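A.B. asks: start_5.cif (mmCIF, C-alpha atoms and all ligand atoms) pasted underneath:
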data_coords
loop_
_atom_site.label_atom_id
_atom_site.label_comp_id
_atom_site.auth_asym_id
_atom_site.auth_seq_id
_atom_site.Cartn_x
_atom_site.Cartn_y
_atom_site.Cartn_z
CA MET C 1 126.76 95.10 133.12
CA SER C 2 124.45 96.96 130.80
CA LEU C 3 121.98 94.66 129.05
CA GLN C 4 120.27 95.95 125.98
CA ASN C 5 117.76 94.35 123.64
CA PRO C 6 117.26 95.61 120.11
CA VAL C 7 114.28 97.95 119.71
CA PHE C 8 111.31 97.05 117.52
CA ILE C 9 109.86 100.53 117.26
CA PRO C 10 109.62 102.11 113.82
CA GLY C 11 112.18 104.74 114.72
CA PRO C 12 114.43 105.66 116.29
CA THR C 13 116.08 102.46 115.10
CA ASN C 14 119.01 100.41 116.41
CA ILE C 15 122.35 102.18 115.92
CA PRO C 16 125.19 100.05 114.53
CA GLU C 17 128.42 100.26 116.51
CA ALA C 18 130.24 101.67 113.47
CA LEU C 19 127.81 104.59 113.32
CA ARG C 20 128.11 105.35 117.02
CA LYS C 21 131.83 105.58 116.52
CA ALA C 22 131.47 107.70 113.40
CA CYS C 23 129.35 110.24 115.31
CA ASP C 24 131.81 110.35 118.20
CA MET C 25 134.45 112.79 117.05
CA PRO C 26 136.40 115.68 118.45
CA THR C 27 135.23 119.22 117.84
CA ILE C 28 136.31 120.66 114.53
CA ASP C 29 136.03 124.23 113.33
CA HIS C 30 133.07 124.14 110.96
CA ARG C 31 134.40 127.26 109.26
CA SER C 32 137.58 125.45 108.27
CA ALA C 33 138.28 123.17 105.32
CA ALA C 34 138.05 120.17 107.68
CA PHE C 35 134.25 120.55 107.73
CA GLY C 36 133.96 120.13 103.96
CA LYS C 37 135.66 116.76 104.21
CA VAL C 38 132.85 115.56 106.46
CA PHE C 39 130.03 117.47 104.83
CA ARG C 40 130.53 116.85 101.09
CA PRO C 41 130.43 113.03 101.24
CA ALA C 42 127.25 113.20 103.34
CA LEU C 43 125.49 115.51 100.86
CA GLU C 44 126.59 113.55 97.82
CA GLY C 45 125.72 110.26 99.52
CA VAL C 46 122.21 111.38 100.39
CA LYS C 47 121.66 112.47 96.77
CA ARG C 48 122.49 108.93 95.65
CA ILE C 49 120.16 107.39 98.24
CA LEU C 50 117.32 109.74 97.22
CA LYS C 51 118.15 109.02 93.57
CA THR C 52 118.38 112.63 92.54
CA ALA C 53 120.91 113.92 90.04
CA THR C 54 119.38 117.38 89.66
CA GLY C 55 118.07 118.22 93.13
CA GLU C 56 119.81 119.75 96.14
CA VAL C 57 120.06 118.23 99.60
CA PHE C 58 119.89 120.33 102.77
CA LEU C 59 120.70 119.00 106.24
CA PHE C 60 119.12 120.79 109.20
CA PRO C 61 119.87 120.20 112.87
CA SER C 62 116.28 119.07 113.48
CA THR C 63 114.05 116.02 112.93
CA GLY C 64 111.64 114.85 110.25
CA THR C 65 109.02 117.25 111.55
CA GLY C 66 111.40 120.15 110.91
CA GLY C 67 111.80 118.78 107.38
CA TRP C 68 108.02 119.11 106.86
CA GLU C 69 108.22 122.70 108.06
CA ALA C 70 111.17 123.46 105.79
CA ALA C 71 109.27 122.01 102.82
CA ILE C 72 106.19 124.16 103.23
CA THR C 73 107.67 127.41 104.50
CA ASN C 74 110.25 127.64 101.73
CA THR C 75 107.87 127.09 98.85
CA LEU C 76 104.41 128.36 99.81
CA SER C 77 102.69 131.59 100.82
CA PRO C 78 99.92 132.27 103.37
CA GLY C 79 96.54 131.31 101.93
CA ASP C 80 97.97 128.85 99.39
CA THR C 81 96.12 125.58 99.00
CA VAL C 82 97.72 122.16 99.40
CA LEU C 83 96.08 118.80 98.72
CA ALA C 84 96.60 115.94 101.17
CA ALA C 85 95.01 112.62 102.06
CA ARG C 86 94.65 111.85 105.77
CA PHE C 87 94.96 108.16 106.67
CA GLY C 88 97.11 108.01 109.78
CA MET C 89 98.84 109.99 112.51
CA PHE C 90 101.75 111.20 110.38
CA SER C 91 99.69 112.37 107.41
CA HIS C 92 97.45 114.06 110.00
CA ARG C 93 100.32 115.89 111.70
CA TRP C 94 101.67 117.32 108.44
CA ILE C 95 98.15 118.56 107.59
CA ASP C 96 97.86 120.11 111.05
CA MET C 97 101.20 121.86 110.57
CA CYS C 98 100.05 123.32 107.24
CA GLN C 99 96.87 124.63 108.83
CA ARG C 100 98.82 126.21 111.68
CA HIS C 101 100.95 127.98 109.07
CA GLY C 102 97.86 129.56 107.49
CA LEU C 103 97.69 127.27 104.46
CA LYS C 104 94.37 125.98 103.17
CA VAL C 105 94.42 122.20 103.19
CA GLN C 106 92.08 120.35 100.86
CA ILE C 107 91.84 117.10 102.79
CA ILE C 108 90.84 113.78 101.27
CA GLU C 109 89.65 111.78 104.29
CA THR C 110 90.74 108.19 103.75
CA PRO C 111 90.16 105.21 106.07
CA TRP C 112 93.17 104.34 108.25
CA GLY C 113 94.73 101.22 106.75
CA GLN C 114 94.33 102.56 103.22
CA GLY C 115 96.96 104.43 101.24
CA ALA C 116 96.94 107.60 99.15
CA PRO C 117 93.77 107.43 97.01
CA LEU C 118 95.06 107.96 93.47
CA ALA C 119 91.69 108.38 91.74
CA ALA C 120 90.50 110.94 94.30
CA ILE C 121 93.77 112.86 94.01
CA GLU C 122 93.48 112.94 90.23
CA ALA C 123 89.82 114.03 90.45
CA ALA C 124 90.67 116.83 92.89
CA LEU C 125 93.43 118.08 90.61
CA ARG C 126 91.21 117.92 87.51
CA ALA C 127 88.52 119.89 89.35
CA ASP C 128 91.07 122.57 90.28
CA THR C 129 90.99 124.25 86.87
CA GLY C 130 92.31 127.52 88.31
CA HIS C 131 95.39 125.72 89.69
CA SER C 132 94.97 127.05 93.21
CA ILE C 133 96.51 123.83 94.59
CA LYS C 134 100.22 124.57 94.88
CA ALA C 135 101.42 121.28 96.33
CA VAL C 136 100.31 117.71 96.85
CA LEU C 137 101.50 116.24 100.17
CA ALA C 138 102.06 112.50 100.36
CA THR C 139 103.15 110.25 103.20
CA HIS C 140 105.10 107.50 101.45
CA ASN C 141 105.04 105.14 104.42
CA GLU C 142 102.35 105.86 107.03
CA THR C 143 104.15 104.69 110.14
CA ALA C 144 100.98 104.63 112.25
CA THR C 145 99.28 101.98 110.12
CA GLY C 146 102.16 100.33 108.27
CA VAL C 147 100.87 101.44 104.88
CA ARG C 148 103.02 102.16 101.84
CA SER C 149 101.55 104.52 99.25
CA ASP C 150 102.27 104.54 95.53
CA ILE C 151 104.23 107.76 94.96
CA ALA C 152 104.87 106.97 91.29
CA GLY C 153 101.10 106.56 90.99
CA ILE C 154 100.53 110.01 92.52
CA ARG C 155 102.93 111.51 89.99
CA ARG C 156 101.05 109.73 87.18
CA ALA C 157 97.74 111.09 88.54
CA MET C 158 99.19 114.63 88.64
CA ASP C 159 100.49 114.32 85.09
CA ALA C 160 97.24 112.78 83.85
CA ALA C 161 95.39 115.78 85.29
CA GLY C 162 97.91 118.11 83.66
CA HIS C 163 98.29 119.90 86.99
CA PRO C 164 101.42 121.96 87.77
CA ALA C 165 101.38 121.48 91.57
CA MET C 166 104.56 120.38 93.32
CA LEU C 167 104.80 116.94 94.92
CA PHE C 168 106.11 116.85 98.51
CA VAL C 169 106.80 113.43 100.01
CA ASP C 170 107.29 112.42 103.63
CA GLY C 171 109.75 109.56 103.30
CA VAL C 172 110.81 109.57 106.96
CA SER C 173 110.15 105.86 107.51
CA SER C 174 110.83 104.65 103.96
CA ILE C 175 113.93 106.38 102.62
CA ALA C 176 117.05 104.18 102.80
CA SER C 177 114.89 101.14 103.63
CA MET C 178 112.41 100.91 100.76
CA PRO C 179 112.85 101.91 97.09
CA PHE C 180 112.63 105.67 96.59
CA GLU C 181 113.14 107.55 93.31
CA MET C 182 113.17 111.30 93.77
CA ASP C 183 113.85 112.19 90.13
CA GLY C 184 112.09 109.15 88.66
CA TRP C 185 108.87 109.90 90.52
CA GLY C 186 109.05 113.65 89.98
CA VAL C 187 109.26 114.38 93.71
CA ASP C 188 109.81 118.09 94.39
CA ILE C 189 110.64 117.76 98.07
CA ALA C 190 111.60 114.58 99.89
CA VAL C 191 111.81 114.66 103.68
CA THR C 192 113.45 112.26 106.06
CA GLY C 193 115.33 112.19 109.36
CA SER C 194 118.53 110.63 110.63
CA GLN C 195 117.01 108.14 113.09
CA LYS C 196 115.15 105.68 110.88
CA GLY C 197 116.59 104.12 107.72
CA PHE C 198 119.91 105.89 108.26
CA MET C 199 120.24 104.19 111.69
CA LEU C 200 121.63 107.29 113.44
CA PRO C 201 120.58 109.15 116.56
CA ALA C 202 117.78 111.67 116.01
CA GLY C 203 118.94 115.18 115.19
CA LEU C 204 119.00 115.75 111.44
CA ALA C 205 116.22 116.72 109.06
CA ILE C 206 117.32 115.53 105.63
CA VAL C 207 115.57 117.32 102.79
CA GLY C 208 115.90 116.79 99.03
CA VAL C 209 114.72 119.72 96.91
CA SER C 210 114.04 119.79 93.15
CA ARG C 211 114.82 122.68 90.81
CA LYS C 212 111.12 123.45 90.61
CA ALA C 213 110.86 123.74 94.41
CA LEU C 214 113.99 125.93 94.45
CA ASP C 215 112.30 128.23 91.93
CA ALA C 216 109.16 128.35 94.09
CA MET C 217 111.36 129.41 97.02
CA GLU C 218 112.08 132.76 95.32
CA SER C 219 108.47 133.94 95.50
CA ALA C 220 107.23 132.07 98.60
CA THR C 221 106.36 134.38 101.48
CA LEU C 222 105.68 132.13 104.47
CA PRO C 223 108.03 133.31 107.23
CA ARG C 224 111.17 131.24 107.71
CA THR C 225 114.60 131.92 109.13
CA PHE C 226 116.19 128.83 110.70
CA PHE C 227 114.82 126.64 107.89
CA ASP C 228 115.49 129.03 105.00
CA PHE C 229 116.80 127.07 102.00
CA ARG C 230 118.34 130.30 100.63
CA ASP C 231 120.73 130.59 103.57
CA MET C 232 121.62 126.94 103.23
CA ALA C 233 122.22 127.16 99.47
CA ARG C 234 124.33 130.31 99.78
CA THR C 235 126.57 129.02 102.53
CA TYR C 236 126.88 125.49 101.06
CA ALA C 237 128.15 127.03 97.84
CA ALA C 238 130.95 128.61 99.86
CA GLY C 239 131.70 125.31 101.66
CA GLY C 240 130.07 126.50 104.87
CA TYR C 241 126.88 126.44 106.88
CA PRO C 242 124.51 129.18 108.08
CA TYR C 243 124.94 128.24 111.74
CA THR C 244 126.63 125.53 113.79
CA PRO C 245 126.20 122.20 112.03
CA ALA C 246 125.65 118.91 113.88
CA VAL C 247 129.07 117.75 112.72
CA GLY C 248 129.04 114.39 114.49
CA LEU C 249 125.71 113.43 112.99
CA ILE C 250 126.82 114.58 109.55
CA ALA C 251 129.92 112.40 109.86
CA GLY C 252 127.64 109.56 110.91
CA LEU C 253 125.43 110.18 107.89
CA ALA C 254 128.35 109.89 105.48
CA ARG C 255 129.34 106.63 107.17
CA SER C 256 125.74 105.40 107.09
CA VAL C 257 125.54 105.90 103.34
CA GLU C 258 128.80 104.01 103.00
CA MET C 259 127.42 101.09 105.02
CA LEU C 260 124.19 101.02 103.03
CA GLU C 261 126.05 101.12 99.73
CA ASP C 262 128.48 98.44 100.88
CA GLU C 263 125.52 96.16 101.46
CA GLY C 264 124.04 97.45 98.19
CA MET C 265 120.76 99.37 98.10
CA GLU C 266 118.95 96.56 96.28
CA ALA C 267 120.16 94.15 98.99
CA VAL C 268 119.06 96.60 101.70
CA PHE C 269 115.57 96.76 100.18
CA ALA C 270 115.47 92.97 99.75
CA ARG C 271 116.52 92.47 103.39
CA HIS C 272 113.76 94.77 104.59
CA HIS C 273 111.27 92.88 102.45
CA ARG C 274 112.40 89.51 103.82
CA LEU C 275 112.22 90.71 107.43
CA ALA C 276 108.80 92.25 106.85
CA GLU C 277 107.54 89.07 105.24
CA GLY C 278 108.77 87.04 108.22
CA VAL C 279 106.85 89.34 110.56
CA ARG C 280 103.72 89.12 108.41
CA ARG C 281 103.87 85.31 108.41
CA ALA C 282 104.11 85.37 112.19
CA VAL C 283 101.13 87.71 112.39
CA ALA C 284 99.09 85.37 110.20
CA ALA C 285 100.11 82.37 112.35
CA TRP C 286 98.83 84.26 115.41
CA GLY C 287 95.47 84.52 113.65
CA MET C 288 95.85 88.28 113.35
CA ARG C 289 96.27 90.63 110.38
CA PRO C 290 98.13 93.82 109.49
CA CYS C 291 96.23 97.11 109.68
CA ALA C 292 97.19 97.72 106.02
CA ALA C 293 94.08 96.70 104.11
CA THR C 294 95.63 94.84 101.17
CA PRO C 295 99.02 93.24 100.40
CA ASP C 296 99.99 95.95 97.89
CA LEU C 297 99.88 98.41 100.82
CA PHE C 298 102.05 96.36 103.19
CA SER C 299 105.00 98.38 104.46
CA ASP C 300 108.42 96.73 104.54
CA THR C 301 109.52 98.86 107.52
CA VAL C 302 106.68 98.61 110.04
CA THR C 303 103.72 96.33 110.64
CA ALA C 304 100.76 97.56 112.67
CA VAL C 305 99.25 94.34 114.03
CA VAL C 306 95.48 94.44 114.60
CA VAL C 307 94.85 92.72 117.93
CA PRO C 308 91.83 90.47 118.58
CA GLU C 309 88.55 91.83 119.95
CA GLY C 310 88.81 92.33 123.68
CA CYS C 311 92.61 92.65 123.61
CA ASN C 312 94.51 95.92 123.93
CA GLY C 313 97.71 96.43 121.92
CA THR C 314 98.98 99.02 124.38
CA ASP C 315 98.91 96.39 127.18
CA LEU C 316 101.31 94.27 125.13
CA VAL C 317 103.68 97.17 124.51
CA LYS C 318 103.69 98.11 128.19
CA LEU C 319 104.29 94.54 129.36
CA ALA C 320 107.08 94.01 126.82
CA ALA C 321 108.84 97.10 128.15
CA ASP C 322 108.25 96.44 131.86
CA LYS C 323 108.83 92.69 131.99
CA TYR C 324 111.15 91.89 129.08
CA GLY C 325 112.88 95.19 128.37
CA MET C 326 111.80 95.18 124.76
CA ALA C 327 110.27 98.07 122.84
CA PHE C 328 107.36 97.79 120.41
CA GLY C 329 105.27 100.70 119.12
CA VAL C 330 101.86 101.59 120.53
CA GLY C 331 98.86 102.33 118.34
CA LEU C 332 98.40 106.05 117.69
CA GLY C 333 95.25 108.14 117.25
CA GLU C 334 92.32 106.27 115.73
CA VAL C 335 94.00 102.89 116.14
CA ALA C 336 95.23 103.42 119.73
CA GLY C 337 94.79 100.13 121.60
CA LYS C 338 93.55 98.39 118.45
CA VAL C 339 97.05 97.70 117.14
CA PHE C 340 100.59 97.34 118.33
CA ARG C 341 103.43 98.05 115.94
CA ILE C 342 106.51 96.05 115.12
CA GLY C 343 109.21 98.19 113.55
CA HIS C 344 111.45 96.19 111.22
CA LEU C 345 113.77 98.74 109.70
CA GLY C 346 117.37 99.70 110.00
CA MET C 347 120.03 97.50 111.53
CA LEU C 348 118.11 94.23 111.88
CA THR C 349 118.73 90.64 110.89
CA ASP C 350 116.33 87.73 110.68
CA VAL C 351 117.73 86.36 113.93
CA MET C 352 117.03 89.67 115.69
CA VAL C 353 113.51 89.72 114.29
CA LEU C 354 112.90 86.24 115.70
CA SER C 355 113.74 87.57 119.16
CA GLY C 356 111.13 90.29 118.78
CA LEU C 357 108.48 87.85 117.62
CA ALA C 358 109.30 85.47 120.48
CA THR C 359 108.96 88.29 123.00
CA ALA C 360 105.64 89.43 121.53
CA GLU C 361 104.40 85.85 121.94
CA MET C 362 105.51 85.70 125.59
CA CYS C 363 103.55 88.90 126.22
CA MET C 364 100.47 87.51 124.48
CA ALA C 365 100.64 84.37 126.62
CA ASP C 366 101.14 86.46 129.78
CA LEU C 367 98.10 88.56 128.85
CA GLY C 368 95.98 85.44 128.27
CA TRP C 369 95.55 86.04 124.55
CA ASN C 370 94.62 82.95 122.56
CA VAL C 371 98.02 82.47 120.88
CA ARG C 372 100.22 79.37 121.04
CA LEU C 373 103.83 80.04 122.07
CA GLY C 374 106.15 79.52 119.11
CA SER C 375 103.47 79.63 116.42
CA GLY C 376 104.52 82.94 114.91
CA VAL C 377 108.21 82.28 115.48
CA ALA C 378 107.91 78.94 113.63
CA ALA C 379 106.17 80.58 110.67
CA ALA C 380 108.92 83.20 110.47
CA GLN C 381 111.63 80.55 110.87
CA ASP C 382 110.20 78.59 107.95
CA TRP C 383 110.22 81.72 105.80
CA PHE C 384 113.72 82.82 106.83
CA ARG C 385 115.22 79.32 106.31
CA GLY C 386 113.83 79.21 102.80
CA SER C 387 114.76 82.75 101.84
CA VAL C 388 118.33 83.21 103.07
CA PRO C 389 120.04 85.24 100.33
CA ALA C 390 122.52 83.39 98.12
CA LEU C 391 125.39 85.59 99.35
CA ALA C 392 124.87 84.65 103.02
CA MET C 393 124.76 80.94 102.06
CA ALA C 394 127.96 81.21 100.03
CA ALA C 395 129.75 82.84 102.98
CA GLU C 396 129.14 79.83 105.20
C1 LIG A 1 108.99 109.39 112.45
C2 LIG A 1 108.14 110.01 111.39
C3 LIG A 1 107.95 111.40 111.31
C4 LIG A 1 108.42 112.35 112.37
O1 LIG A 1 109.74 112.48 112.40
P1 LIG A 1 110.48 113.13 113.67
O2 LIG A 1 111.88 112.86 113.27
O3 LIG A 1 110.01 112.39 114.88
O4 LIG A 1 110.14 114.55 113.69
C5 LIG A 1 107.25 111.90 110.25
N1 LIG A 1 106.71 111.10 109.33
C6 LIG A 1 106.83 109.77 109.38
C7 LIG A 1 106.21 108.95 108.32
C8 LIG A 1 107.55 109.19 110.42
O5 LIG A 1 107.66 107.85 110.47
#
Before we go any further, please render this structure as structure tokens.

C.D. replies:
Amino acid sequence: MSLQNPVFIPGPTNIPEALRKACDMPTIDHRSAAFGKVFRPALEGVKRILKTATGEVFLFPSTGTGGWEAAITNTLSPGDTVLAARFGMFSHRWIDMCQRHGLKVQIIETPWGQGAPLAAIEAALRADTGHSIKAVLATHNETATGVRSDIAGIRRAMDAAGHPAMLFVDGVSSIASMPFEMDGWGVDIAVTGSQKGFMLPAGLAIVGVSRKALDAMESATLPRTFFDFRDMARTYAAGGYPYTPAVGLIAGLARSVEMLEDEGMEAVFARHHRLAEGVRRAVAAWGMRPCAATPDLFSDTVTAVVVPEGCNGTDLVKLAADKYGMAFGVGLGEVAGKVFRIGHLGMLTDVMVLSGLATAEMCMADLGWNVRLGSGVAAAQDWFRGSVPALAMAAE
């Protein structure tokens, strides 16, 4: 018998049975009309999830990191300046990638646990009177700290400064789980992957591109071949693909969008908020707090739990894996050991979340932490009992 607990890492997420089946398909000839039947619904579906009517979507056999690379190499030239705040491992890695590509990165160092600093971004753009900043990079949901940034606010800051830079957003751990408005927020490139909110295996970089970014592509000179949007756009127009597509994953993506839309995107976002709130109530009952500094920054997809002085979050993650076969996320970079992370995105219910909280408590007790068994679970139970959506009640 194969026994398998759900995972509570913030990606890759649990894969619904229906999506495993959707990915499992016989080989088709991707140069035949059969491919279009799989491909078109996936592209159109992703556009609806990103909320873009005017942008294009490109799907690369890659991961979110490849999506970052596609964003910068298609639109920028060596020596260009980009503006980015660094407040966690993922914002850091995108900055590092830009530097390795020969871009100048104007970095706004921001404490981990904070989000994108709107006033500092606006000030930096106002000071850039020569418009040397070509793009602003923003991590919508910093998965290392469980911090959600205000992307609409960044757009407002850019507009207030009257700055023409493009806005590139890493939405890898937010898109399809938390509200995202590509057109509404004036996002020029939105990046995600298949293995988080879309609940699929890893293997696709999903990239939304605005008209403005497509225009920038024509004069950008950073080297790119595999990730070249121009090859994608040209072959998509002819119903094809520049190389061998990950057909199974693309079929899974179309099915994923269908599942999300069947639930209803507002209901998906509300479910993530409810689950996150249950986790946060448990954290408070343990006498701990999220790494995110203030409630407006709380992520609905991942909570980085700050552990008490003298405790090590990585010990909990290791014990949970070794003793109980359950996966939580370790602290990364500056917060290594100081936090452990509970991922609460994708295919999860309140009942599943309770199992994760209960396991975390068993680990805390095993490690001798000063936490009473059941305290966090009870707080989450109280919240879930009182917040069951009307639809679920009616179905009883
Ligand atoms: C997971 C993640 C990434 C990296 O994506 P990969 O698919 O692992 O390359 C980037 N940014 C954020 C915010 C993430 O959560």

A.B. asks: Within 9 Å of ligand LIG 1 (chain A), which residues show up when you count all atoms listed in the file? List them as an MDAnalysis selection string, please.

C.D. replies: chainID C and resid 10:12 62:68 89:91 93:94 139:144 170:174 191:196 202:205

A.B. asks: Excluding Gln99 in chain C and residues on its chain fewer than 2 positions from it, collect all residues at most 12 Å away from it, counting only C-alpha atoms, and give them as a list of chain:residue names.

C.D. replies: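 The filter keeps C:Glu69, C:Ile72, C:Thr73, C:Pro78, C:Gly79, C:Asp80, C:Thr81, C:Val82, C:Leu83, C:Ala84, C:His92, C:Arg93, C:Trp94, C:Ile95, C:Asp96, C:Met97, C:His101, C:Gly102, C:Leu103, C:Lys104, C:Val105, C:Gln106, C:Ile107.
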
A.B. asks: Between CA of Asp366 in chain C and CA of Thr314 in chain C, what distance in Å does the model show, to one decimal?

C.D. replies: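 Separating CA of Asp366 in chain C from CA of Thr314 in chain C is a distance of 13.8 Å.
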
A.B. asks: What is the distance, in Å and to one decimal place, between CA of Ala254 in chain C and CA of Gly45 in chain C?

C.D. replies: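 Result for CA of Ala254 in chain C versus CA of Gly45 in chain C: 6.5 Å, one decimal.
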
A.B. asks: Per residue of range 104-223 of chain C within 8 Å of range 14-21 of chain C, note the shortest atom pair and the distance in Å to one decimal, counting all atoms listed in the file, and order the rows by chain and increasing residue number, as JSON lines.

C.D. replies:
{"residue": "C:Met199", "atom": "CA", "partner": "C:Ile15", "partner_atom": "CA", "distance": 5.1}
{"residue": "C:Leu200", "atom": "CA", "partner": "C:Ile15", "partner_atom": "CA", "distance": 5.7}
{"residue": "C:Pro201", "atom": "CA", "partner": "C:Ile15", "partner_atom": "CA", "distance": 7.2}

A.B. asks: Write out as an NGL selection string each polymer residue whose atoms come within 8 Å of Phe198 in chain C, counting all atoms listed in the file; drop sequence neighbours fewer than 6 positions from it.

C.D. replies: :C and (176 or 253 or 256-257 or 346)

A.B. asks: With only C-alpha atoms as the basis for distance, which of C:Leu3, C:Leu319, C:Val388, C:Ala152 is at the shortest distance from Met364 in chain C?

C.D. replies: C:Leu319

A.B. asks: Let me make sure I understand: among C:Ala70, C:Gly36, C:Thr54, C:Arg372, which one has the smallest atom-to-atom distance to Ala220 in chain C if we use all atoms listed in the file?

C.D. replies: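 Comparing C:Ala70, C:Gly36, C:Thr54, C:Arg372 against Ala220 in chain C, the winner is C:Ala70.
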
A.B. asks: Using all atoms listed in the file, can you tell me which of C:Thr13, C:Ser149, C:Thr129, C:Thr235 comes closest to Pro164 in chain C?

C.D. replies: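 So, comparing all the options, the nearest one is C:Thr129.
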
A.B. asks: May I ask for the distance between CA of Leu275 in chain C and CA of Leu345 in chain C, given in Å to one decimal place?

C.D. replies: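 That distance, rounded to one decimal, is 8.5 Å.
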
A.B. asks: So which one's closest to Ala216 in chain C, C:Thr301, C:Thr75, C:Thr349, C:Ser375? Using only C-alpha atoms, please.

C.D. replies: C:Thr75
